[in-house]
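Encoded as structure tokens, the structure appears first; notes follow it.
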Amino acid sequence: MVKRFNSFDKLERYINELGYTFKVQNCFKEDRSIVYRHKSNKKQHLFVKSTYDFLNDNTMEMGTVWTIQQF
């Protein structure tokens with residue numbers, strides 16, 4: 001499952017609704033990534049990373065896009 005968000009606030013709300021908590025954050029220059037762990041099932045994790053990409057499919061505007069991968 002890969003989901004994309006343009007806003008970090010919307011991303012945090014979505015992750016909290018799913019029941020995940022913060023585990024570790026990695027920041028090096030423009031590369032940012034965060035790992036979240038599920039509250040009840042400790043084997044479920046979310047990997048969130050930021051990329052510089054098109055904000056949506058209809059425009060040429062570029063910015064920070066957050067992508068979520070579940071494993």
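Identifiers in the structure tokens: chain A, B, ... in order shown; residue index from 1 per chain; ligand index from 1 in order shown.
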
List as a PyMOL selection string the protein and nucleic acid residues near Arg4 of chain A, meaning an atom at most 8 Å away when only C-alpha atoms are counted, but skip any in the same chain fewer than 4 places from it. chain A and resi 65-68

Write the residues you've just listed into a file as a PDB file, in the first residue's frame, and include N, CA and C atoms for each of them.
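out.pdb, written as the output of this step:
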```pdb
ATOM      1  N   VAL A  65       6.411  15.975  -1.158  1.00  0.00           N
ATOM      2  CA  VAL A  65       5.348  14.987  -1.160  1.00  0.00           C
ATOM      3  C   VAL A  65       5.754  13.875  -0.192  1.00  0.00           C
ATOM      4  N   TRP A  66       4.848  13.521   0.708  1.00  0.00           N
ATOM      5  CA  TRP A  66       5.107  12.465   1.692  1.00  0.00           C
ATOM      6  C   TRP A  66       4.468  11.176   1.209  1.00  0.00           C
ATOM      7  N   THR A  67       5.223  10.098   1.170  1.00  0.00           N
ATOM      8  CA  THR A  67       4.704   8.799   0.744  1.00  0.00           C
ATOM      9  C   THR A  67       4.769   7.823   1.917  1.00  0.00           C
ATOM     10  N   ILE A  68       3.733   6.985   2.028  1.00  0.00           N
ATOM     11  CA  ILE A  68       3.629   5.992   3.106  1.00  0.00           C
ATOM     12  C   ILE A  68       3.690   4.601   2.489  1.00  0.00           C
TER      13      ILE A  68
END
```

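Selecting alpha helix (DSSP H) from the backbone DSSP output for chain A yields Phe8, Asp9, Lys10, Leu11, Glu12, Arg13, Tyr14, Ile15, Asn16, Glu17 and Leu18 of chain A.
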
Restricting the output to N, CA, C and O atoms, write the selected residues as a CSV table (one decimal), in the first residue's frame.
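File written: part.csv
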```csv
chain,number,residue,atom,x,y,z
A,8,PHE,N,2.1,17.6,5.7
A,8,PHE,CA,2.5,16.7,6.8
A,8,PHE,C,1.4,16.6,7.9
A,8,PHE,O,1.3,15.6,8.6
A,9,ASP,N,0.6,17.7,8.1
A,9,ASP,CA,-0.5,17.7,9.1
A,9,ASP,C,-1.5,16.6,8.7
A,9,ASP,O,-2.0,15.9,9.6
A,10,LYS,N,-1.9,16.6,7.4
A,10,LYS,CA,-2.8,15.5,7.0
A,10,LYS,C,-2.3,14.1,7.1
A,10,LYS,O,-3.0,13.2,7.5
A,11,LEU,N,-1.0,14.0,6.9
A,11,LEU,CA,-0.3,12.7,7.0
A,11,LEU,C,-0.4,12.3,8.5
A,11,LEU,O,-0.7,11.1,8.8
A,12,GLU,N,-0.1,13.2,9.4
A,12,GLU,CA,-0.1,12.8,10.9
A,12,GLU,C,-1.5,12.4,11.3
A,12,GLU,O,-1.7,11.5,12.1
A,13,ARG,N,-2.5,13.1,10.9
A,13,ARG,CA,-3.9,12.8,11.2
A,13,ARG,C,-4.3,11.4,10.7
A,13,ARG,O,-4.9,10.6,11.4
A,14,TYR,N,-3.9,11.1,9.5
A,14,TYR,CA,-4.2,9.8,8.9
A,14,TYR,C,-3.5,8.7,9.7
A,14,TYR,O,-4.1,7.7,9.9
A,15,ILE,N,-2.2,8.9,10.0
A,15,ILE,CA,-1.5,7.9,10.8
A,15,ILE,C,-2.1,7.7,12.2
A,15,ILE,O,-2.2,6.5,12.6
A,16,ASN,N,-2.5,8.7,12.8
A,16,ASN,CA,-3.1,8.6,14.2
A,16,ASN,C,-4.4,7.9,14.1
A,16,ASN,O,-4.8,7.1,15.0
A,17,GLU,N,-5.2,8.1,13.0
A,17,GLU,CA,-6.5,7.4,12.8
A,17,GLU,C,-6.3,5.9,12.6
A,17,GLU,O,-7.1,5.1,13.0
A,18,LEU,N,-5.2,5.5,12.0
A,18,LEU,CA,-4.8,4.1,11.8
A,18,LEU,C,-4.3,3.4,13.1
A,18,LEU,O,-4.3,2.2,13.1
```

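For the choices A:Thr21, A:Gln69, A:Asn56, A:Ser7, the atom-to-atom distance to Asn41 of chain A is smallest for A:Thr21 when using only C-alpha atoms.
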
Near-Asn26 of chain A list (12 Å; only C-alpha atoms; drop same-chain fewer than 4 positions) as an MDAnalysis selection string: chainID A and resid 22 30:36 47:50

Saved selection, atoms kept: all heavy atoms, as a short mmCIF file (atom, residue, chain, number, x, y, z; two decimals), in the first residue's frame:
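So part.cif came out as:
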```
data_model
loop_
_atom_site.label_atom_id
_atom_site.label_comp_id
_atom_site.auth_asym_id
_atom_site.auth_seq_id
_atom_site.Cartn_x
_atom_site.Cartn_y
_atom_site.Cartn_z
N PHE A 22 4.83 7.03 16.82
CA PHE A 22 6.17 7.36 16.35
C PHE A 22 7.20 6.37 16.92
O PHE A 22 7.15 6.02 18.09
CB PHE A 22 6.51 8.78 16.79
CG PHE A 22 7.90 9.21 16.47
CD1 PHE A 22 8.22 9.64 15.20
CD2 PHE A 22 8.88 9.17 17.43
CE1 PHE A 22 9.51 10.04 14.90
CE2 PHE A 22 10.17 9.56 17.14
CZ PHE A 22 10.48 10.00 15.88
N GLU A 30 18.18 16.97 2.67
CA GLU A 30 16.78 17.02 2.22
C GLU A 30 16.07 15.68 2.35
O GLU A 30 14.87 15.59 2.15
CB GLU A 30 16.70 17.51 0.78
CG GLU A 30 17.24 16.55 -0.25
CD GLU A 30 18.74 16.63 -0.45
OE1 GLU A 30 19.38 17.56 0.06
OE2 GLU A 30 19.28 15.75 -1.11
N ASP A 31 16.79 14.62 2.69
CA ASP A 31 16.20 13.29 2.84
C ASP A 31 15.63 13.12 4.24
O ASP A 31 16.37 13.13 5.22
CB ASP A 31 17.25 12.22 2.56
CG ASP A 31 16.69 10.82 2.63
OD1 ASP A 31 15.49 10.65 2.33
OD2 ASP A 31 17.43 9.90 2.99
N ARG A 32 14.31 12.99 4.34
CA ARG A 32 13.65 12.80 5.62
C ARG A 32 12.81 11.54 5.58
O ARG A 32 12.09 11.31 4.61
CB ARG A 32 12.75 14.00 5.93
CG ARG A 32 13.53 15.27 6.15
CD ARG A 32 12.63 16.44 6.31
NE ARG A 32 12.11 16.79 4.97
CZ ARG A 32 11.26 17.76 4.74
NH1 ARG A 32 10.78 18.46 5.71
NH2 ARG A 32 10.87 18.01 3.51
N SER A 33 12.92 10.73 6.62
CA SER A 33 12.11 9.52 6.71
C SER A 33 11.74 9.26 8.17
O SER A 33 12.48 9.61 9.08
CB SER A 33 12.84 8.31 6.13
OG SER A 33 14.02 8.06 6.86
N ILE A 34 10.57 8.65 8.37
CA ILE A 34 10.04 8.38 9.70
C ILE A 34 9.46 6.97 9.69
O ILE A 34 8.84 6.55 8.72
CB ILE A 34 8.93 9.38 10.08
CG1 ILE A 34 9.42 10.81 9.93
CG2 ILE A 34 8.44 9.14 11.50
CD1 ILE A 34 8.32 11.85 10.04
N VAL A 35 9.66 6.24 10.79
CA VAL A 35 9.07 4.91 10.95
C VAL A 35 8.07 4.98 12.10
O VAL A 35 8.39 5.50 13.17
CB VAL A 35 10.15 3.84 11.23
CG1 VAL A 35 9.52 2.48 11.49
CG2 VAL A 35 11.12 3.76 10.08
N TYR A 36 6.87 4.46 11.87
CA TYR A 36 5.82 4.39 12.88
C TYR A 36 5.51 2.93 13.16
O TYR A 36 5.60 2.08 12.28
CB TYR A 36 4.55 5.08 12.39
CG TYR A 36 4.67 6.58 12.26
CD1 TYR A 36 5.08 7.16 11.07
CD2 TYR A 36 4.34 7.41 13.31
CE1 TYR A 36 5.19 8.53 10.94
CE2 TYR A 36 4.43 8.79 13.19
CZ TYR A 36 4.85 9.33 12.00
OH TYR A 36 4.96 10.68 11.88
N PHE A 47 6.43 3.14 6.93
CA PHE A 47 7.62 3.87 6.55
C PHE A 47 7.17 5.10 5.77
O PHE A 47 6.51 4.98 4.75
CB PHE A 47 8.55 3.00 5.71
CG PHE A 47 9.78 3.71 5.25
CD1 PHE A 47 10.78 4.05 6.16
CD2 PHE A 47 9.96 4.05 3.93
CE1 PHE A 47 11.91 4.71 5.75
CE2 PHE A 47 11.09 4.71 3.50
CZ PHE A 47 12.07 5.04 4.42
N VAL A 48 7.52 6.28 6.26
CA VAL A 48 7.13 7.55 5.65
C VAL A 48 8.39 8.24 5.16
O VAL A 48 9.36 8.36 5.92
CB VAL A 48 6.39 8.45 6.66
CG1 VAL A 48 6.04 9.77 6.03
CG2 VAL A 48 5.17 7.76 7.19
N LYS A 49 8.39 8.68 3.90
CA LYS A 49 9.56 9.41 3.40
C LYS A 49 9.09 10.61 2.58
O LYS A 49 7.99 10.62 2.02
CB LYS A 49 10.47 8.52 2.58
CG LYS A 49 9.95 8.13 1.24
CD LYS A 49 10.98 7.34 0.47
CE LYS A 49 10.52 7.08 -0.93
NZ LYS A 49 11.54 6.48 -1.75
N SER A 50 9.95 11.63 2.55
CA SER A 50 9.63 12.83 1.79
C SER A 50 10.40 12.82 0.48
O SER A 50 11.55 12.38 0.42
CB SER A 50 9.99 14.08 2.59
OG SER A 50 11.39 14.18 2.73
#
```

Members of chain A assigned strand (DSSP E or B) by DSSP, as an NGL selection string: :A and (2-5 or 20-28 or 31-38 or 45-54 or 62-70)
